[in-house]
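K.L.:
Just so it is clear, I am handing over entry-v9.cif, which has mmCIF, C-alpha atoms.
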data_run
#
loop_
_atom_site.label_atom_id
_atom_site.label_comp_id
_atom_site.auth_asym_id
_atom_site.auth_seq_id
_atom_site.Cartn_x
_atom_site.Cartn_y
_atom_site.Cartn_z
CA MET F 14 -12.15 -76.32 42.00
CA THR F 15 -13.07 -79.93 41.55
CA GLY F 16 -11.04 -82.03 43.97
CA SER F 17 -10.03 -78.89 45.81
CA LYS F 18 -8.43 -78.96 49.22
CA ALA F 19 -10.30 -77.34 52.05
CA LEU F 20 -9.25 -76.35 55.56
CA VAL F 21 -11.55 -75.54 58.47
CA VAL F 22 -10.01 -73.12 60.97
CA TYR F 23 -11.89 -72.12 64.10
CA TYR F 24 -11.68 -70.77 67.62
CA SER F 25 -13.94 -72.08 70.36
CA ARG F 26 -14.04 -71.00 73.99
CA THR F 27 -16.81 -73.34 75.18
CA GLY F 28 -16.81 -76.09 72.55
CA THR F 29 -19.88 -74.93 70.61
CA THR F 30 -17.96 -73.53 67.64
CA ARG F 31 -15.64 -76.56 67.74
CA ARG F 32 -18.61 -78.91 67.34
CA LEU F 33 -19.85 -76.99 64.30
CA ALA F 34 -16.33 -76.93 62.85
CA GLU F 35 -16.12 -80.71 63.19
CA VAL F 36 -19.48 -81.16 61.44
CA LEU F 37 -18.37 -78.94 58.56
CA ALA F 38 -14.91 -80.50 58.25
CA LYS F 39 -16.39 -83.99 58.10
CA ALA F 40 -18.98 -83.00 55.48
CA LEU F 41 -16.38 -81.19 53.37
CA GLN F 42 -13.72 -83.87 53.88
CA ALA F 43 -11.51 -81.00 54.96
CA ASP F 44 -8.50 -80.71 57.22
CA ILE F 45 -9.26 -78.98 60.50
CA GLU F 46 -7.19 -76.86 62.87
CA PRO F 47 -8.13 -74.85 65.95
CA VAL F 48 -6.85 -71.37 66.64
CA ILE F 49 -5.24 -71.66 70.07
CA ASP F 50 -5.56 -68.57 72.24
CA THR F 51 -2.74 -68.11 74.75
CA LYS F 52 -4.94 -66.11 77.14
CA LYS F 53 -7.00 -67.77 79.83
CA ARG F 54 -10.68 -67.26 79.00
CA SER F 55 -12.40 -69.74 81.31
CA GLY F 56 -14.79 -68.72 84.05
CA THR F 57 -16.54 -65.42 84.64
CA LEU F 58 -13.36 -63.34 84.46
CA GLY F 59 -12.37 -64.97 81.19
CA TYR F 60 -15.83 -64.33 79.77
CA LEU F 61 -15.72 -60.66 80.78
CA ARG F 62 -12.22 -60.26 79.32
CA SER F 63 -13.45 -61.80 76.07
CA VAL F 64 -16.40 -59.40 75.79
CA VAL F 65 -14.28 -56.33 76.56
CA GLU F 66 -11.63 -57.29 74.00
CA ALA F 67 -14.30 -57.97 71.38
CA LEU F 68 -15.92 -54.58 72.03
CA GLN F 69 -12.50 -52.93 71.72
CA LYS F 70 -11.86 -54.79 68.43
CA ARG F 71 -8.61 -56.16 69.81
CA GLY F 72 -6.80 -59.25 68.66
CA ALA F 73 -5.39 -61.86 71.01
CA PRO F 74 -2.06 -63.65 71.16
CA ILE F 75 -2.42 -67.02 69.43
CA GLU F 76 -0.13 -70.00 69.02
CA PRO F 77 1.50 -70.51 65.61
CA MET F 78 -0.67 -72.52 63.24
CA ARG F 79 0.48 -75.88 61.87
CA THR F 80 -1.09 -75.38 58.46
CA ASP F 81 -0.44 -72.78 55.80
CA PRO F 82 -3.74 -71.54 54.34
CA ARG F 83 -2.00 -70.82 51.01
CA SER F 84 -1.74 -74.57 50.40
CA TYR F 85 -5.54 -74.86 50.26
CA ASP F 86 -8.14 -73.81 47.70
CA LEU F 87 -10.71 -72.92 50.35
CA VAL F 88 -10.39 -71.94 54.01
CA VAL F 89 -13.56 -72.09 56.10
CA ILE F 90 -13.12 -69.85 59.15
CA GLY F 91 -15.28 -70.05 62.26
CA THR F 92 -15.72 -67.88 65.33
CA PRO F 93 -18.04 -67.45 68.25
CA VAL F 94 -19.81 -64.08 68.18
CA TRP F 95 -18.91 -62.00 71.22
CA ALA F 96 -20.65 -58.63 71.69
CA TRP F 97 -21.78 -58.71 68.04
CA SER F 98 -18.13 -59.08 66.98
CA VAL F 99 -15.61 -61.62 65.79
CA SER F 100 -13.63 -63.21 68.62
CA PRO F 101 -10.16 -61.73 69.30
CA PRO F 102 -8.33 -65.01 68.44
CA VAL F 103 -9.99 -65.21 65.01
CA ARG F 104 -9.38 -61.48 64.52
CA SER F 105 -5.66 -62.22 65.04
CA TYR F 106 -5.73 -65.22 62.67
CA LEU F 107 -7.38 -63.20 59.91
CA ALA F 108 -5.01 -60.27 60.35
CA ALA F 109 -1.96 -62.56 60.30
CA ASN F 110 -3.11 -64.22 57.08
CA LYS F 111 -4.48 -61.19 55.23
CA GLY F 112 -3.27 -61.35 51.67
CA GLY F 113 -2.46 -65.05 51.92
CA LEU F 114 -5.93 -66.52 52.10
CA PRO F 115 -7.43 -68.36 49.12
CA ASP F 116 -11.23 -68.42 48.74
CA VAL F 117 -12.88 -68.17 52.14
CA ALA F 118 -16.18 -69.06 53.74
CA PHE F 119 -17.24 -67.98 57.23
CA PHE F 120 -19.27 -69.59 59.97
CA CYS F 121 -20.16 -68.55 63.47
CA THR F 122 -22.02 -69.59 66.58
CA MET F 123 -23.84 -67.09 68.74
CA GLY F 124 -26.34 -66.60 71.51
CA SER F 125 -29.02 -65.16 69.28
CA ARG F 126 -27.68 -62.51 66.88
CA GLY F 127 -24.66 -60.58 65.71
CA SER F 128 -23.57 -62.75 62.80
CA GLU F 129 -24.00 -60.08 60.13
CA ARG F 130 -21.69 -57.66 61.92
CA ALA F 131 -19.19 -60.40 62.78
CA PHE F 132 -19.08 -61.51 59.13
CA GLU F 133 -18.60 -57.89 58.00
CA GLU F 134 -15.67 -57.55 60.41
CA MET F 135 -14.17 -60.84 59.22
CA GLN F 136 -14.41 -59.68 55.61
CA ALA F 137 -12.80 -56.33 56.41
CA ILE F 138 -9.94 -57.92 58.35
CA ALA F 139 -9.32 -60.66 55.77
CA GLY F 140 -9.58 -58.21 52.89
CA LYS F 141 -11.83 -60.54 50.95
CA ALA F 142 -15.49 -61.44 50.71
CA PRO F 143 -16.62 -64.88 51.82
CA ARG F 144 -18.04 -67.24 49.23
CA ALA F 145 -20.56 -68.52 51.78
CA GLY F 146 -21.63 -67.91 55.35
CA CYS F 147 -23.34 -69.93 58.06
CA ALA F 148 -24.65 -68.61 61.39
CA VAL F 149 -25.94 -71.03 64.01
CA THR F 150 -27.23 -70.24 67.49
CA ALA F 151 -26.01 -72.04 70.58
CA HIS F 152 -29.56 -73.32 71.07
CA GLU F 153 -29.58 -74.81 67.56
CA MET F 154 -26.24 -76.48 68.27
CA ALA F 155 -27.42 -77.87 71.62
CA SER F 156 -30.63 -79.26 70.14
CA GLU F 157 -28.96 -80.32 66.88
CA ALA F 158 -31.48 -78.20 64.97
CA TYR F 159 -28.82 -76.71 62.70
CA GLY F 160 -29.28 -79.14 59.80
CA THR F 161 -31.01 -76.78 57.36
CA ARG F 162 -28.53 -73.96 57.89
CA VAL F 163 -25.56 -76.28 57.54
CA ALA F 164 -27.03 -77.98 54.46
CA GLN F 165 -27.51 -74.60 52.74
CA PHE F 166 -23.96 -73.57 53.60
CA LEU F 167 -22.52 -76.87 52.37
CA ALA F 168 -24.49 -76.58 49.12
CA GLN F 169 -23.00 -73.10 48.54
CA VAL F 170 -19.49 -74.31 49.30
CA GLU F 171 -19.80 -77.44 47.17
CA THR F 172 -21.06 -75.35 44.24
CA LEU F 173 -17.87 -73.34 44.49
CA ARG F 174 -15.67 -76.39 44.85
CA SER F 175 -17.15 -78.11 41.79
CA SER F 176 -16.86 -75.09 39.48
#
In structure tokens, write the structure found in this file.
P.N.:
Amino acid sequence: MTGSKALVVYYSRTGTTRRLAEVLAKALQADIEPVIDTKKRSGTLGYLRSVVEALQKRGAPIEPMRTDPRSYDLVVIGTPVWAWSVSPPVRSYLAANKGGLPDVAFFCTMGSRGSERAFEEMQAIAGKAPRAGCAVTAHEMASEAYGTRVAQFLAQVETLRSS
């Protein structure tokens, strides 16, 4: 995959996952596109709605994407972890693109745990195993202490891209 094209796709409610997506896209020299949720998720009510939908394993209505993942060699998909689950907007993105995704890698941001289960859900929805995964806590993002995790993830992804 030398010279391969990569795309970073992510959903972020608070900006934490967006910041990690931007770091990864810059390091990978990848295109980047957010998943835009059409539901209001701000404030306490939005937070509660998000948790309930995640627990119910529901998707969310999302705006059409500008980019077609089939035109890339690698799609790096990111989500916040809500109630130990993938966020509803990313659930919808994965379901809509099942069967059309090239190689994938997953990343997530979370309060403290839940990444393993979220990655398992992402794999099941996408119908394919990720080539790499990266889980970063909100505290690590806030203190910029995510360097080692990101470096390991990037090394895994670059190994794939150069083979």
K.L.:
For range 50-65 of chain F, list every protein, DNA or RNA residue within 12 Å, evaluated using only C-alpha atoms, and leave out those in the same chain fewer than 3 positions away; present the list as a PyMOL selection string.
P.N.:
chain F and resi 23-28+47+68-78+93-106
K.L.:
Can you write out the residues you just picked, keeping C-alpha atoms, as a CSV table (one decimal), in the coordinates of the input?
P.N.:
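Output (result.csv):
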chain,number,residue,atom,x,y,z
F,23,TYR,CA,-11.9,-72.1,64.1
F,24,TYR,CA,-11.7,-70.8,67.6
F,25,SER,CA,-13.9,-72.1,70.4
F,26,ARG,CA,-14.0,-71.0,74.0
F,27,THR,CA,-16.8,-73.3,75.2
F,28,GLY,CA,-16.8,-76.1,72.6
F,47,PRO,CA,-8.1,-74.8,66.0
F,68,LEU,CA,-15.9,-54.6,72.0
F,69,GLN,CA,-12.5,-52.9,71.7
F,70,LYS,CA,-11.9,-54.8,68.4
F,71,ARG,CA,-8.6,-56.2,69.8
F,72,GLY,CA,-6.8,-59.2,68.7
F,73,ALA,CA,-5.4,-61.9,71.0
F,74,PRO,CA,-2.1,-63.6,71.2
F,75,ILE,CA,-2.4,-67.0,69.4
F,76,GLU,CA,-0.1,-70.0,69.0
F,77,PRO,CA,1.5,-70.5,65.6
F,78,MET,CA,-0.7,-72.5,63.2
F,93,PRO,CA,-18.0,-67.4,68.2
F,94,VAL,CA,-19.8,-64.1,68.2
F,95,TRP,CA,-18.9,-62.0,71.2
F,96,ALA,CA,-20.6,-58.6,71.7
F,97,TRP,CA,-21.8,-58.7,68.0
F,98,SER,CA,-18.1,-59.1,67.0
F,99,VAL,CA,-15.6,-61.6,65.8
F,100,SER,CA,-13.6,-63.2,68.6
F,101,PRO,CA,-10.2,-61.7,69.3
F,102,PRO,CA,-8.3,-65.0,68.4
F,103,VAL,CA,-10.0,-65.2,65.0
F,104,ARG,CA,-9.4,-61.5,64.5
F,105,SER,CA,-5.7,-62.2,65.0
F,106,TYR,CA,-5.7,-65.2,62.7
K.L.:
Can you list, as a list in words, every protein, DNA or RNA residue that comes within 7 Å of Ala139 in chain F when you count all atoms listed in the file, leaving out same-chain residues fewer than 2 positions away?
P.N.:
Leu107, Ala108, Lys111, Met135, Gln136, Ala137 and Lys141 of chain F
K.L.:
Within 6 Å of range 117-124 of chain F, which residues of range 129-154 of chain F come that close, and what is the closest atom pair and distance in Å for each? Count only C-alpha atoms and give it as JSON lines.
P.N.:
{"residue": "F:Pro143", "atom": "CA", "partner": "F:Ala118", "partner_atom": "CA", "distance": 4.6}
{"residue": "F:Arg144", "atom": "CA", "partner": "F:Ala118", "partner_atom": "CA", "distance": 5.2}
{"residue": "F:Ala145", "atom": "CA", "partner": "F:Ala118", "partner_atom": "CA", "distance": 4.8}
{"residue": "F:Gly146", "atom": "CA", "partner": "F:Phe119", "partner_atom": "CA", "distance": 4.8}
{"residue": "F:Cys147", "atom": "CA", "partner": "F:Phe120", "partner_atom": "CA", "distance": 4.5}
{"residue": "F:Ala148", "atom": "CA", "partner": "F:Cys121", "partner_atom": "CA", "distance": 4.9}
{"residue": "F:Val149", "atom": "CA", "partner": "F:Thr122", "partner_atom": "CA", "distance": 4.9}
{"residue": "F:Thr150", "atom": "CA", "partner": "F:Met123", "partner_atom": "CA", "distance": 4.8}
{"residue": "F:Ala151", "atom": "CA", "partner": "F:Gly124", "partner_atom": "CA", "distance": 5.5}
K.L.:
Restrict the selected residues to C-alpha atoms and save them as a PDB file, in the coordinates of the input.
P.N.:
ATOM      1  CA  PRO F 143     -16.620 -64.880  51.820  1.00  0.00           C
ATOM      2  CA  ARG F 144     -18.040 -67.240  49.230  1.00  0.00           C
ATOM      3  CA  ALA F 145     -20.560 -68.520  51.780  1.00  0.00           C
ATOM      4  CA  GLY F 146     -21.630 -67.910  55.350  1.00  0.00           C
ATOM      5  CA  CYS F 147     -23.340 -69.930  58.060  1.00  0.00           C
ATOM      6  CA  ALA F 148     -24.650 -68.610  61.390  1.00  0.00           C
ATOM      7  CA  VAL F 149     -25.940 -71.030  64.010  1.00  0.00           C
ATOM      8  CA  THR F 150     -27.230 -70.240  67.490  1.00  0.00           C
ATOM      9  CA  ALA F 151     -26.010 -72.040  70.580  1.00  0.00           C
TER      10      ALA F 151
END
K.L.:
Quick one: everything within 12 Å of Asp81 in chain F, counting all atoms listed in the file, minus sequence neighbours fewer than 5 positions away in the same chain. Send it as a ChimeraX atom specification.
P.N.:
/F:19-22,44-46,86-88,106,109-110,113-115
K.L.:
Output as AutoDock Vina command-line options the centre and edge lengths (Å, one decimal) of the box along x, y and z of the file that holds every listed atom of range 100-105 of chain F after adding 8 Å on each side.
P.N.:
--center_x -9.6 --center_y -63.3 --center_z 66.9 --size_x 24.0 --size_y 19.7 --size_z 20.8
K.L.:
Can you list, as a PyMOL selection string, the residues that the PyMOL selection byres ((chain F and resi 154-160) around 9) selects here?
P.N.:
chain F and resi 29-30+32-33+122+149-153+161-165
K.L.:
Measure the distance from CA of Glu66 in chain F to CA of Asp116 in chain F in Å and round it to one decimal.
P.N.:
27.6 Å
K.L.:
Quick one: pull the distance between CA of Ile90 in chain F and CA of Ala34 in chain F, Å, one decimal.
P.N.:
8.6 Å
K.L.:
Rounded to one decimal place, report the CA of Gly140 in chain F-CA of Gln42 in chain F distance in Å.
P.N.:
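Value for the CA of Gly140 in chain F-CA of Gln42 in chain F distance: 26.0 Å.
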